Amino acid sequence: MVVAEHKFLAEKGAELVELRLDWLSGMPKLDQLIQDRPTPVVIALRRQSDRGRWRGSEEQRLTILRSAIVAGVEYIDLEADIAKLIPRYGDTKRIISHHDFEETPDDLEEIHRRLCGLDPDIVKLVTMANAPSDMIRVLRLVKNSTVPTVGFCMGELGVASRVLCGKFGSPFTYATFSEDRELAPGQLSFEQMKEIYHYDDITAGTHVYGVLGDPIAHSMSPRIHNAAFKDKGIDAVYLPFRVAKHALKGTLEDFEWLDIRGYSVTIPHKEEIIGKAEFKDASVDEIGAANTLYRGADGAWCASNTDYDSAMQTIKLGMVDSPNPTDEEIDEVSLAGLRILMLGAGGVARAIGRGSVLAGAALTICSRTHKRTVALAEELGCQQVLWENRGSVFADILINCTPVGMHPNVDETPFKDHWLREEMLVFDTVYNPENTLFLKHAKQRECRVASGVEMFVRQAAMQFERFTDGPAPIEAMRDTVRRAISAVKY
Ligand code: NAP
């Protein structure tokens, strides 16, 4: 099994594979594992006290580690407390490691100094991130170390550092065999590291972008933006930054060290992020929320709301008859006087509602919680109806801004199919699945349709244009989103 997995990883392009001997069911048969090995290996054998699975004695463990060195493996991983018990021999390189599964301790530099004194070829220092800023402390240490250091943070707050350590000089990083085989919290799979983050292409000069939010684990933004950078041959990487609501200000200050060029911004930071910007698009003021923070020509932070712009563009696209309209043709579509019925009264409804009112449409909203409907209708200055009466509103455009129909509840729809009218435009902001039951019904009733995927792709493309000041590879981005939607596991 281990031999087969090793071969598989080598075929996929892995250049170095760690063999965790403590994960084997019986006593490791080292010879079998390393003879004819398809790549260089790191041998590691972790005790249970180090969150490993080794059940044998410490004496047996040290014997196996020594015999791996005698057998000439390329790297051996030694915890600090046994480093002096296992002397250097032959060509085997010594990785002196320290893991802290609880925190990124205050005496990080001191620990690193101690590890450097144990005759390492490489120091490995891995700590738990309890705040996004912990990553900065570890990466700073990696960058400044004279001994090659693999350093990053565990946990969801530390995911980005597993990729960024390459930029700051880590000789390599760690990833799991597959997404289902997480050996440490927050680990990325080999495939994610290679196919999404293009780790092998990262250099000291790689520019950094990312998405700020909480939660962030299921965000598709890293996939779509990294694919776009790759398509355009731009030396940049885009990472997920999970940042709690209360931590935004301090994190942004600490992240200055990373010289981040642009952020996508999602819940719960869309309002607070505006305070960071020196310049704002008009739409940010109009709806009081931003989803993009980027560096303008003179380096000043600028805020945009591409969710809003892309939603309005997607509606207009749905109204155009020509098959491949230009952006100018789309912009020319007028919504003035059209009757729009919007389902939902959350953040997306608020943005699209504001856009509809500003475009001169006659907007009616309804949502499950009537109090929320009334509050939003008052804010937008539009009509509202009871949720139960939504089928009786006569509308030219119908927009779903609720999550109804989203994966895994794909058999649900927020609007009965016999309420739909031929020729009306039906827009579903839900993008997973792309072809929701709501849109299937709309097509059967010969309505025009607009999908949440189009909105999602366009908002990302608009962000990309602000990030890079160049055109976005929109087809590649659309393909990436469609592939990601079909592959995502929840
Ligand atoms: P939100 O602030 O949580 O608002 C959700 C709205 O949907 C609320 O009015 C809520 O009503 C209502 N709702 C929730 N579950 C419902 C149900 N089972 N039946 C009827 N109404 C229900 O969320 P949001 O940020 O506005 O996002 C809404 C949807 O937009 C998301 O689910 C997502 O699919 C979509 N979206 C799409 C894109 C894109 O790029 N395509 C981007 C962002 C979001 P209550 O007040 O009663 O809970």
# chains A, B, ... in the order shown; residues from 1 in each chain; ligands from 1
>>> closest_atom_pairs(of="chain A", to="ligand 1", cutoff="9 Å", atoms="only C-alpha atoms and all ligand atoms", output="JSON lines")
{"residue": "A:Thr266", "atom": "CA", "partner": "ligand 1", "partner_atom_place_in_ligand_line": "43 (C)", "distance": 8.7}
{"residue": "A:Ile267", "atom": "CA", "partner": "ligand 1", "partner_atom_place_in_ligand_line": "25 (O)", "distance": 7.7}
{"residue": "A:Asp307", "atom": "CA", "partner": "ligand 1", "partner_atom_place_in_ligand_line": "40 (O)", "distance": 6.3}
{"residue": "A:Ser310", "atom": "CA", "partner": "ligand 1", "partner_atom_place_in_ligand_line": "40 (O)", "distance": 7.9}
{"residue": "A:Ala311", "atom": "CA", "partner": "ligand 1", "partner_atom_place_in_ligand_line": "40 (O)", "distance": 7.5}
{"residue": "A:Leu343", "atom": "CA", "partner": "ligand 1", "partner_atom_place_in_ligand_line": "9 (O)", "distance": 7.3}
{"residue": "A:Gly344", "atom": "CA", "partner": "ligand 1", "partner_atom_place_in_ligand_line": "9 (O)", "distance": 3.6}
{"residue": "A:Ala345", "atom": "CA", "partner": "ligand 1", "partner_atom_place_in_ligand_line": "9 (O)", "distance": 3.7}
{"residue": "A:Gly346", "atom": "CA", "partner": "ligand 1", "partner_atom_place_in_ligand_line": "2 (O)", "distance": 3.3}
{"residue": "A:Gly347", "atom": "CA", "partner": "ligand 1", "partner_atom_place_in_ligand_line": "26 (O)", "distance": 3.7}
{"residue": "A:Val348", "atom": "CA", "partner": "ligand 1", "partner_atom_place_in_ligand_line": "26 (O)", "distance": 3.7}
{"residue": "A:Ala349", "atom": "CA", "partner": "ligand 1", "partner_atom_place_in_ligand_line": "26 (O)", "distance": 5.5}
{"residue": "A:Arg350", "atom": "CA", "partner": "ligand 1", "partner_atom_place_in_ligand_line": "26 (O)", "distance": 7.4}
{"residue": "A:Ala351", "atom": "CA", "partner": "ligand 1", "partner_atom_place_in_ligand_line": "26 (O)", "distance": 8.5}
{"residue": "A:Cys366", "atom": "CA", "partner": "ligand 1", "partner_atom_place_in_ligand_line": "9 (O)", "distance": 8.2}
{"residue": "A:Ser367", "atom": "CA", "partner": "ligand 1", "partner_atom_place_in_ligand_line": "9 (O)", "distance": 5.3}
{"residue": "A:Arg368", "atom": "CA", "partner": "ligand 1", "partner_atom_place_in_ligand_line": "47 (O)", "distance": 4.4}
{"residue": "A:Thr369", "atom": "CA", "partner": "ligand 1", "partner_atom_place_in_ligand_line": "47 (O)", "distance": 4.2}
{"residue": "A:His370", "atom": "CA", "partner": "ligand 1", "partner_atom_place_in_ligand_line": "47 (O)", "distance": 7.8}
{"residue": "A:Lys371", "atom": "CA", "partner": "ligand 1", "partner_atom_place_in_ligand_line": "46 (O)", "distance": 8.6}
{"residue": "A:Arg372", "atom": "CA", "partner": "ligand 1", "partner_atom_place_in_ligand_line": "46 (O)", "distance": 6.2}
{"residue": "A:Thr373", "atom": "CA", "partner": "ligand 1", "partner_atom_place_in_ligand_line": "9 (O)", "distance": 7.6}
{"residue": "A:Trp387", "atom": "CA", "partner": "ligand 1", "partner_atom_place_in_ligand_line": "20 (C)", "distance": 8.4}
{"residue": "A:Asn400", "atom": "CA", "partner": "ligand 1", "partner_atom_place_in_ligand_line": "30 (O)", "distance": 7.7}
{"residue": "A:Cys401", "atom": "CA", "partner": "ligand 1", "partner_atom_place_in_ligand_line": "28 (C)", "distance": 4.8}
{"residue": "A:Thr402", "atom": "CA", "partner": "ligand 1", "partner_atom_place_in_ligand_line": "7 (O)", "distance": 3.4}
{"residue": "A:Pro403", "atom": "CA", "partner": "ligand 1", "partner_atom_place_in_ligand_line": "32 (O)", "distance": 3.3}
{"residue": "A:Val404", "atom": "CA", "partner": "ligand 1", "partner_atom_place_in_ligand_line": "18 (N)", "distance": 5.4}
{"residue": "A:Gly405", "atom": "CA", "partner": "ligand 1", "partner_atom_place_in_ligand_line": "34 (O)", "distance": 8.4}
{"residue": "A:Met406", "atom": "CA", "partner": "ligand 1", "partner_atom_place_in_ligand_line": "34 (O)", "distance": 6.3}
{"residue": "A:Glu412", "atom": "CA", "partner": "ligand 1", "partner_atom_place_in_ligand_line": "18 (N)", "distance": 8.9}
{"residue": "A:Thr413", "atom": "CA", "partner": "ligand 1", "partner_atom_place_in_ligand_line": "19 (N)", "distance": 8.9}
{"residue": "A:Pro414", "atom": "CA", "partner": "ligand 1", "partner_atom_place_in_ligand_line": "20 (C)", "distance": 6.6}
{"residue": "A:Asp428", "atom": "CA", "partner": "ligand 1", "partner_atom_place_in_ligand_line": "41 (N)", "distance": 7.8}
{"residue": "A:Thr429", "atom": "CA", "partner": "ligand 1", "partner_atom_place_in_ligand_line": "41 (N)", "distance": 4.5}
{"residue": "A:Val430", "atom": "CA", "partner": "ligand 1", "partner_atom_place_in_ligand_line": "34 (O)", "distance": 3.5}
{"residue": "A:Tyr431", "atom": "CA", "partner": "ligand 1", "partner_atom_place_in_ligand_line": "41 (N)", "distance": 5.2}
{"residue": "A:Asn432", "atom": "CA", "partner": "ligand 1", "partner_atom_place_in_ligand_line": "34 (O)", "distance": 7.3}
{"residue": "A:Ser451", "atom": "CA", "partner": "ligand 1", "partner_atom_place_in_ligand_line": "41 (N)", "distance": 7.4}
{"residue": "A:Gly452", "atom": "CA", "partner": "ligand 1", "partner_atom_place_in_ligand_line": "41 (N)", "distance": 3.7}
{"residue": "A:Val453", "atom": "CA", "partner": "ligand 1", "partner_atom_place_in_ligand_line": "41 (N)", "distance": 5.5}
{"residue": "A:Glu454", "atom": "CA", "partner": "ligand 1", "partner_atom_place_in_ligand_line": "41 (N)", "distance": 7.0}
{"residue": "A:Met455", "atom": "CA", "partner": "ligand 1", "partner_atom_place_in_ligand_line": "41 (N)", "distance": 4.7}
{"residue": "A:Phe456", "atom": "CA", "partner": "ligand 1", "partner_atom_place_in_ligand_line": "40 (O)", "distance": 3.3}
{"residue": "A:Val457", "atom": "CA", "partner": "ligand 1", "partner_atom_place_in_ligand_line": "40 (O)", "distance": 7.1}
{"residue": "A:Arg458", "atom": "CA", "partner": "ligand 1", "partner_atom_place_in_ligand_line": "40 (O)", "distance": 8.0}
{"residue": "A:Gln459", "atom": "CA", "partner": "ligand 1", "partner_atom_place_in_ligand_line": "40 (O)", "distance": 6.6}
{"residue": "A:Ala460", "atom": "CA", "partner": "ligand 1", "partner_atom_place_in_ligand_line": "40 (O)", "distance": 8.4}
>>> residues_around(residues="segment 335-337 of chain A", least_positions_apart="6", cutoff="9 Å", atoms="only C-alpha atoms", output="list in words")
Lys316, Ser356, Val357, Leu358, Ala359, Gly360, Ala361 and Ala362 of chain A
>>> write_last_selection(atoms="N, CA, C and O atoms", output="compact mmCIF listing (two decimals), in the first residue's frame")
# COMPACT_ATOMS: atom_id res chain seq x y z
N LYS A 316 -28.53 42.16 -16.71
CA LYS A 316 -28.60 42.81 -18.03
C LYS A 316 -28.24 41.82 -19.13
O LYS A 316 -28.85 41.82 -20.20
N SER A 356 -31.11 47.70 -8.31
CA SER A 356 -32.35 47.73 -9.08
C SER A 356 -33.05 49.08 -8.92
O SER A 356 -33.54 49.67 -9.90
N VAL A 357 -33.07 49.56 -7.68
CA VAL A 357 -33.74 50.85 -7.42
C VAL A 357 -32.98 51.98 -8.14
O VAL A 357 -33.58 52.84 -8.80
N LEU A 358 -31.65 51.94 -8.04
CA LEU A 358 -30.85 52.98 -8.69
C LEU A 358 -31.01 52.94 -10.20
O LEU A 358 -30.89 53.96 -10.88
N ALA A 359 -31.29 51.73 -10.74
CA ALA A 359 -31.47 51.60 -12.19
C ALA A 359 -32.87 51.99 -12.62
O ALA A 359 -33.22 51.91 -13.80
N GLY A 360 -33.71 52.38 -11.66
CA GLY A 360 -35.06 52.86 -12.00
C GLY A 360 -36.08 51.76 -12.15
O GLY A 360 -37.18 51.98 -12.69
N ALA A 361 -35.77 50.54 -11.69
CA ALA A 361 -36.75 49.45 -11.78
C ALA A 361 -37.81 49.61 -10.69
O ALA A 361 -37.57 50.28 -9.68
N ALA A 362 -38.96 48.98 -10.90
CA ALA A 362 -40.01 48.96 -9.88
C ALA A 362 -39.82 47.68 -9.08
O ALA A 362 -40.19 46.60 -9.53
>>> closest_residue(among="A:Pro268, A:Pro120, A:Pro471, A:Gly26", to="Val243 of chain A", atoms="only C-alpha atoms")
A:Pro268
>>> residues_around(residues="Asn305 of chain A", least_positions_apart="2", cutoff="10 Å", atoms="only C-alpha atoms", output="ChimeraX atom specification")
/A:264-265,270,280-293,303,307-310,351,459,462-463
>>> write_last_selection(atoms="N, CA, C and O atoms", output="tab-separated table (two decimals), in the first residue's frame")
chain	number	residue	atom	x	y	z
A	264	SER	N	-9.81	39.63	-1.76
A	264	SER	CA	-11.25	39.49	-1.87
A	264	SER	C	-11.74	39.51	-0.43
A	264	SER	O	-11.03	39.06	0.47
A	265	VAL	N	-12.95	40.01	-0.22
A	265	VAL	CA	-13.43	40.16	1.15
A	265	VAL	C	-14.84	39.57	1.23
A	265	VAL	O	-15.69	39.88	0.40
A	270	LYS	N	-17.31	42.61	5.13
A	270	LYS	CA	-17.61	43.45	3.97
A	270	LYS	C	-17.86	44.92	4.31
A	270	LYS	O	-17.67	45.79	3.47
A	280	LYS	N	-12.75	54.71	-2.94
A	280	LYS	CA	-13.85	53.76	-3.06
A	280	LYS	C	-14.59	53.96	-4.37
A	280	LYS	O	-14.78	55.11	-4.79
A	281	ASP	N	-15.06	52.86	-4.97
A	281	ASP	CA	-15.97	52.99	-6.11
A	281	ASP	C	-17.30	53.53	-5.58
A	281	ASP	O	-17.64	53.32	-4.40
A	282	ALA	N	-18.07	54.15	-6.49
A	282	ALA	CA	-19.36	54.71	-6.07
A	282	ALA	C	-20.25	53.63	-5.47
A	282	ALA	O	-20.97	53.87	-4.49
A	283	SER	N	-20.18	52.40	-6.02
A	283	SER	CA	-21.09	51.34	-5.54
A	283	SER	C	-20.82	50.99	-4.07
A	283	SER	O	-21.73	50.54	-3.37
A	284	VAL	N	-19.60	51.19	-3.61
A	284	VAL	CA	-19.29	50.87	-2.21
A	284	VAL	C	-20.08	51.80	-1.29
A	284	VAL	O	-20.67	51.36	-0.29
A	285	ASP	N	-20.11	53.07	-1.64
A	285	ASP	CA	-20.89	54.02	-0.83
A	285	ASP	C	-22.38	53.75	-0.97
A	285	ASP	O	-23.13	53.83	-0.01
A	286	GLU	N	-22.79	53.39	-2.20
A	286	GLU	CA	-24.23	53.18	-2.42
A	286	GLU	C	-24.78	52.04	-1.56
A	286	GLU	O	-25.88	52.13	-1.04
A	287	ILE	N	-24.03	50.96	-1.42
A	287	ILE	CA	-24.59	49.84	-0.64
A	287	ILE	C	-23.90	49.62	0.70
A	287	ILE	O	-24.29	48.74	1.46
A	288	GLY	N	-22.87	50.38	0.99
A	288	GLY	CA	-22.24	50.30	2.31
A	288	GLY	C	-21.49	49.00	2.54
A	288	GLY	O	-21.32	48.56	3.69
A	289	ALA	N	-21.02	48.36	1.47
A	289	ALA	CA	-20.26	47.12	1.62
A	289	ALA	C	-19.28	46.99	0.45
A	289	ALA	O	-19.56	47.47	-0.64
A	290	ALA	N	-18.13	46.36	0.73
A	290	ALA	CA	-17.13	46.13	-0.31
A	290	ALA	C	-16.71	44.67	-0.28
A	290	ALA	O	-16.73	44.04	0.78
A	291	ASN	N	-16.36	44.13	-1.44
A	291	ASN	CA	-15.85	42.74	-1.46
A	291	ASN	C	-14.45	42.67	-2.05
A	291	ASN	O	-13.92	41.58	-2.24
A	292	THR	N	-13.86	43.83	-2.34
A	292	THR	CA	-12.52	43.85	-2.95
A	292	THR	C	-11.71	44.99	-2.38
A	292	THR	O	-12.21	46.12	-2.28
A	293	LEU	N	-10.47	44.69	-2.00
A	293	LEU	CA	-9.54	45.73	-1.55
A	293	LEU	C	-8.27	45.53	-2.38
A	293	LEU	O	-7.72	44.42	-2.40
A	303	ALA	N	-11.27	50.34	-2.57
A	303	ALA	CA	-12.33	49.36	-2.32
A	303	ALA	C	-13.35	49.37	-3.46
A	303	ALA	O	-13.70	50.42	-3.98
A	307	ASP	N	-19.39	42.21	-6.37
A	307	ASP	CA	-20.61	41.37	-6.26
A	307	ASP	C	-21.77	42.13	-6.88
A	307	ASP	O	-22.56	41.61	-7.66
A	308	TYR	N	-21.85	43.37	-6.46
A	308	TYR	CA	-22.93	44.24	-6.90
A	308	TYR	C	-22.84	44.47	-8.41
A	308	TYR	O	-23.80	44.28	-9.16
A	309	ASP	N	-21.64	44.88	-8.87
A	309	ASP	CA	-21.47	45.17	-10.30
A	309	ASP	C	-21.75	43.92	-11.14
A	309	ASP	O	-22.38	44.00	-12.19
A	310	SER	N	-21.29	42.76	-10.67
A	310	SER	CA	-21.47	41.55	-11.48
A	310	SER	C	-22.94	41.11	-11.47
A	310	SER	O	-23.45	40.61	-12.48
A	351	ALA	N	-27.81	44.29	-1.82
A	351	ALA	CA	-26.97	44.85	-2.89
A	351	ALA	C	-27.74	44.90	-4.21
A	351	ALA	O	-27.76	45.93	-4.89
A	459	GLN	N	-17.87	38.46	-10.88
A	459	GLN	CA	-17.34	39.23	-9.74
A	459	GLN	C	-15.85	38.94	-9.55
A	459	GLN	O	-15.06	39.82	-9.26
A	462	MET	N	-13.90	40.71	-12.35
A	462	MET	CA	-13.75	42.15	-12.06
A	462	MET	C	-12.70	42.38	-10.98
A	462	MET	O	-11.94	43.35	-11.03
A	463	GLN	N	-12.64	41.47	-10.01
A	463	GLN	CA	-11.59	41.59	-8.98
A	463	GLN	C	-10.22	41.42	-9.63
A	463	GLN	O	-9.29	42.19	-9.36
>>> closest_atom_pairs(of="segment 167-195 of chain A", to="segment 142-157 of chain A", cutoff="7 Å", atoms="only C-alpha atoms", output="CSV")
residue,atom,partner,partner_atom,distance
A:Phe168,CA,A:Lys143,CA,4.8
A:Gly169,CA,A:Lys143,CA,5.8
A:Ser170,CA,A:Val150,CA,4.5
A:Pro171,CA,A:Val150,CA,6.3
A:Phe172,CA,A:Val150,CA,6.5
A:Thr173,CA,A:Val150,CA,6.6
A:Ala184,CA,A:Met154,CA,6.9
A:Pro185,CA,A:Gly155,CA,4.8
A:Gly186,CA,A:Gly155,CA,4.4
>>> write_last_selection(atoms="C-alpha atoms", output="CSV table (one decimal), in the first residue's frame")
chain,number,residue,atom,x,y,z
A,168,PHE,CA,10.3,32.9,2.3
A,169,GLY,CA,12.9,30.2,1.8
A,170,SER,CA,11.6,26.9,3.1
A,171,PRO,CA,13.4,24.2,1.2
A,172,PHE,CA,10.1,22.3,0.8
A,173,THR,CA,6.6,22.1,2.4
A,184,ALA,CA,-2.2,17.4,10.9
A,185,PRO,CA,-5.0,20.0,11.1
A,186,GLY,CA,-5.2,22.4,8.2
>>> closest_atom_pairs(of="segment 47-73 of chain A", to="segment 86-103 of chain A", cutoff="10 Å", atoms="only C-alpha atoms", output="Markdown table")
| residue | atom | partner | partner_atom | distance |
| --- | --- | --- | --- | --- |
| A:Asp50 | CA | A:His99 | CA | 7.7 |
| A:Arg51 | CA | A:Phe101 | CA | 8.6 |
| A:Leu62 | CA | A:Ile86 | CA | 7.6 |
| A:Thr63 | CA | A:Ile86 | CA | 9.3 |
| A:Leu65 | CA | A:Ile86 | CA | 8.0 |
| A:Arg66 | CA | A:Ile86 | CA | 6.7 |
| A:Ala68 | CA | A:Thr92 | CA | 8.9 |
| A:Ile69 | CA | A:Thr92 | CA | 6.0 |
| A:Val70 | CA | A:Tyr89 | CA | 7.3 |
| A:Ala71 | CA | A:Thr92 | CA | 9.1 |
| A:Gly72 | CA | A:Thr92 | CA | 5.9 |
| A:Val73 | CA | A:Thr92 | CA | 5.8 |
>>> residues_around(residues="Arg37 of chain A", least_positions_apart="4", cutoff="12 Å", atoms="only C-alpha atoms", output="PDB file with C-alpha atoms, in the first residue's frame")
ATOM      1  CA  VAL A   2       2.713   2.517   1.048  1.00  0.00           C
ATOM      2  CA  VAL A   3       4.890   1.466  -1.878  1.00  0.00           C
ATOM      3  CA  ALA A   4       1.956   1.894  -4.290  1.00  0.00           C
ATOM      4  CA  GLU A   5       1.099   5.336  -2.871  1.00  0.00           C
ATOM      5  CA  HIS A   6       4.736   6.374  -3.109  1.00  0.00           C
ATOM      6  CA  LYS A   7       4.807   5.349  -6.772  1.00  0.00           C
ATOM      7  CA  PHE A   8       1.543   7.200  -7.401  1.00  0.00           C
ATOM      8  CA  LEU A   9       2.900  10.425  -5.853  1.00  0.00           C
ATOM      9  CA  ALA A  10       6.113  10.142  -7.855  1.00  0.00           C
ATOM     10  CA  GLU A  15      10.008  15.231  -5.596  1.00  0.00           C
ATOM     11  CA  LEU A  16      10.329  14.135  -1.972  1.00  0.00           C
ATOM     12  CA  VAL A  17       8.023  11.831  -0.002  1.00  0.00           C
ATOM     13  CA  GLU A  18       7.830  11.481   3.766  1.00  0.00           C
ATOM     14  CA  LEU A  19       7.279   7.903   4.901  1.00  0.00           C
ATOM     15  CA  LEU A  30      12.215  -0.693   5.989  1.00  0.00           C
ATOM     16  CA  ASP A  31      14.037  -2.575   3.249  1.00  0.00           C
ATOM     17  CA  GLN A  32      10.839  -3.242   1.323  1.00  0.00           C
ATOM     18  CA  LEU A  33       9.742   0.375   1.655  1.00  0.00           C
ATOM     19  CA  VAL A  41      12.411  10.023   1.120  1.00  0.00           C
ATOM     20  CA  VAL A  42      12.140  11.509   4.584  1.00  0.00           C
ATOM     21  CA  GLY A  72      21.219   5.546   3.221  1.00  0.00           C
ATOM     22  CA  VAL A  73      17.803   7.251   3.165  1.00  0.00           C
ATOM     23  CA  GLU A  74      18.008  10.841   1.969  1.00  0.00           C
TER      24      GLU A  74
END
>>> closest_residue(among="A:Ile397, A:Ala297, A:Ile274, A:Ile224", to="Arg483 of chain A", atoms="only C-alpha atoms")
A:Ile224
>>> select_by_dssp(residues="segment 331-426 of chain A", states="alpha helix (DSSP H)", output="ChimeraX atom specification")
/A:331-332,347-358,370-380
>>> select_by_dssp(residues="segment 235-284 of chain A", states="strand (DSSP E or B)", output="list in words")
Ala236, Val237, Tyr238, Leu239, Pro240, Phe241, Arg242, Ile260, Arg261, Gly262, Tyr263, Ser264, Val265, Phe279 and Lys280 of chain A
>>> write_last_selection(atoms="all heavy atoms", output="tab-separated table (two decimals), in the first residue's frame")
chain	number	residue	atom	x	y	z
A	236	ALA	N	2.01	35.08	-9.24
A	236	ALA	CA	1.22	35.46	-8.06
A	236	ALA	C	0.53	34.24	-7.49
A	236	ALA	O	0.28	33.26	-8.20
A	236	ALA	CB	0.17	36.50	-8.45
A	237	VAL	N	0.25	34.30	-6.20
A	237	VAL	CA	-0.50	33.22	-5.55
A	237	VAL	C	-1.61	33.85	-4.72
A	237	VAL	O	-1.45	34.95	-4.19
A	237	VAL	CB	0.43	32.33	-4.69
A	237	VAL	CG1	1.03	33.09	-3.51
A	237	VAL	CG2	-0.29	31.09	-4.18
A	238	TYR	N	-2.74	33.14	-4.63
A	238	TYR	CA	-3.94	33.65	-3.96
A	238	TYR	C	-4.33	32.64	-2.88
A	238	TYR	O	-4.52	31.46	-3.16
A	238	TYR	CB	-5.04	33.81	-5.02
A	238	TYR	CG	-6.35	34.33	-4.52
A	238	TYR	CD1	-6.75	35.64	-4.81
A	238	TYR	CD2	-7.23	33.52	-3.82
A	238	TYR	CE1	-7.98	36.12	-4.39
A	238	TYR	CE2	-8.45	33.99	-3.39
A	238	TYR	CZ	-8.83	35.29	-3.69
A	238	TYR	OH	-10.05	35.77	-3.27
A	239	LEU	N	-4.48	33.11	-1.65
A	239	LEU	CA	-4.61	32.20	-0.51
A	239	LEU	C	-5.85	32.47	0.33
A	239	LEU	O	-6.35	33.60	0.36
A	239	LEU	CB	-3.38	32.37	0.39
A	239	LEU	CG	-2.08	31.98	-0.33
A	239	LEU	CD1	-0.90	32.70	0.25
A	239	LEU	CD2	-1.91	30.48	-0.28
A	240	PRO	N	-6.32	31.46	1.07
A	240	PRO	CA	-7.44	31.69	1.98
A	240	PRO	C	-6.92	32.19	3.33
A	240	PRO	O	-6.04	31.57	3.92
A	240	PRO	CB	-8.04	30.28	2.14
A	240	PRO	CG	-6.89	29.35	1.93
A	240	PRO	CD	-5.90	30.04	1.03
A	241	PHE	N	-7.46	33.31	3.80
A	241	PHE	CA	-7.08	33.84	5.11
A	241	PHE	C	-8.33	33.83	5.99
A	241	PHE	O	-9.21	34.68	5.82
A	241	PHE	CB	-6.56	35.27	5.00
A	241	PHE	CG	-5.28	35.39	4.21
A	241	PHE	CD1	-5.25	36.16	3.05
A	241	PHE	CD2	-4.11	34.75	4.61
A	241	PHE	CE1	-4.07	36.29	2.32
A	241	PHE	CE2	-2.94	34.87	3.88
A	241	PHE	CZ	-2.92	35.65	2.73
A	242	ARG	N	-8.39	32.87	6.91
A	242	ARG	CA	-9.54	32.89	7.82
A	242	ARG	C	-9.24	33.89	8.94
A	242	ARG	O	-8.27	33.72	9.69
A	242	ARG	CB	-9.76	31.49	8.41
A	242	ARG	CG	-10.97	31.46	9.28
A	242	ARG	CD	-11.28	30.10	9.81
A	242	ARG	NE	-12.12	30.24	10.97
A	242	ARG	CZ	-12.21	29.35	11.93
A	242	ARG	NH1	-11.52	28.23	11.87
A	242	ARG	NH2	-12.99	29.56	12.97
A	260	ILE	N	0.82	42.20	0.72
A	260	ILE	CA	-0.30	41.66	-0.05
A	260	ILE	C	-0.81	42.72	-1.04
A	260	ILE	O	-0.96	43.89	-0.68
A	260	ILE	CB	-1.40	41.18	0.91
A	260	ILE	CG1	-0.81	40.00	1.67
A	260	ILE	CG2	-2.69	40.83	0.16
A	260	ILE	CD1	-1.72	39.17	2.46
A	261	ARG	N	-1.03	42.28	-2.28
A	261	ARG	CA	-1.42	43.23	-3.34
A	261	ARG	C	-2.93	43.42	-3.45
A	261	ARG	O	-3.39	44.38	-4.04
A	261	ARG	CB	-0.89	42.75	-4.70
A	261	ARG	CG	0.62	42.54	-4.73
A	261	ARG	CD	1.32	43.86	-4.49
A	261	ARG	NE	2.73	43.70	-4.24
A	261	ARG	CZ	3.70	44.09	-5.09
A	261	ARG	NH1	3.38	44.63	-6.22
A	261	ARG	NH2	4.96	43.93	-4.78
A	262	GLY	N	-3.69	42.45	-2.98
A	262	GLY	CA	-5.14	42.59	-3.10
A	262	GLY	C	-5.87	41.51	-2.32
A	262	GLY	O	-5.36	40.40	-2.16
A	263	TYR	N	-7.05	41.89	-1.84
A	263	TYR	CA	-7.88	40.94	-1.09
A	263	TYR	C	-9.27	40.85	-1.72
A	263	TYR	O	-9.84	41.87	-2.10
A	263	TYR	CB	-8.13	41.44	0.33
A	263	TYR	CG	-6.96	41.46	1.26
A	263	TYR	CD1	-6.33	42.66	1.59
A	263	TYR	CD2	-6.49	40.29	1.88
A	263	TYR	CE1	-5.27	42.70	2.49
A	263	TYR	CE2	-5.43	40.33	2.77
A	263	TYR	CZ	-4.82	41.53	3.07
A	263	TYR	OH	-3.78	41.56	3.96
A	264	SER	N	-9.81	39.63	-1.76
A	264	SER	CA	-11.25	39.49	-1.87
A	264	SER	C	-11.74	39.51	-0.43
A	264	SER	O	-11.03	39.06	0.47
A	264	SER	CB	-11.63	38.15	-2.49
A	264	SER	OG	-11.01	37.98	-3.73
A	265	VAL	N	-12.95	40.01	-0.22
A	265	VAL	CA	-13.43	40.16	1.15
A	265	VAL	C	-14.84	39.57	1.23
A	265	VAL	O	-15.69	39.88	0.40
A	265	VAL	CB	-13.48	41.65	1.54
A	265	VAL	CG1	-13.91	41.81	2.99
A	265	VAL	CG2	-12.13	42.31	1.30
A	279	PHE	N	-9.59	55.06	-1.27
A	279	PHE	CA	-10.46	55.39	-2.40
A	279	PHE	C	-11.53	54.31	-2.52
A	279	PHE	O	-11.25	53.14	-2.26
A	279	PHE	CB	-9.66	55.46	-3.71
A	279	PHE	CG	-8.58	56.51	-3.66
A	279	PHE	CD1	-7.28	56.17	-3.38
A	279	PHE	CD2	-8.90	57.85	-3.89
A	279	PHE	CE1	-6.29	57.13	-3.31
A	279	PHE	CE2	-7.90	58.83	-3.83
A	279	PHE	CZ	-6.60	58.47	-3.54
A	280	LYS	N	-12.75	54.71	-2.94
A	280	LYS	CA	-13.85	53.76	-3.06
A	280	LYS	C	-14.59	53.96	-4.37
A	280	LYS	O	-14.78	55.11	-4.79
A	280	LYS	CB	-14.88	53.98	-1.92
A	280	LYS	CG	-14.38	53.62	-0.56
A	280	LYS	CD	-15.32	54.12	0.51
A	280	LYS	CE	-14.94	55.53	0.93
A	280	LYS	NZ	-15.82	56.13	1.94
>>> atom_distance(atom1="atom CA of Ser25 of chain A", atom2="atom CA of Met128 of chain A")
27.7 Å
>>> atom_distance(atom1="atom CA of Cys447 of chain A", atom2="atom CA of Arg421 of chain A")
6.8 Å
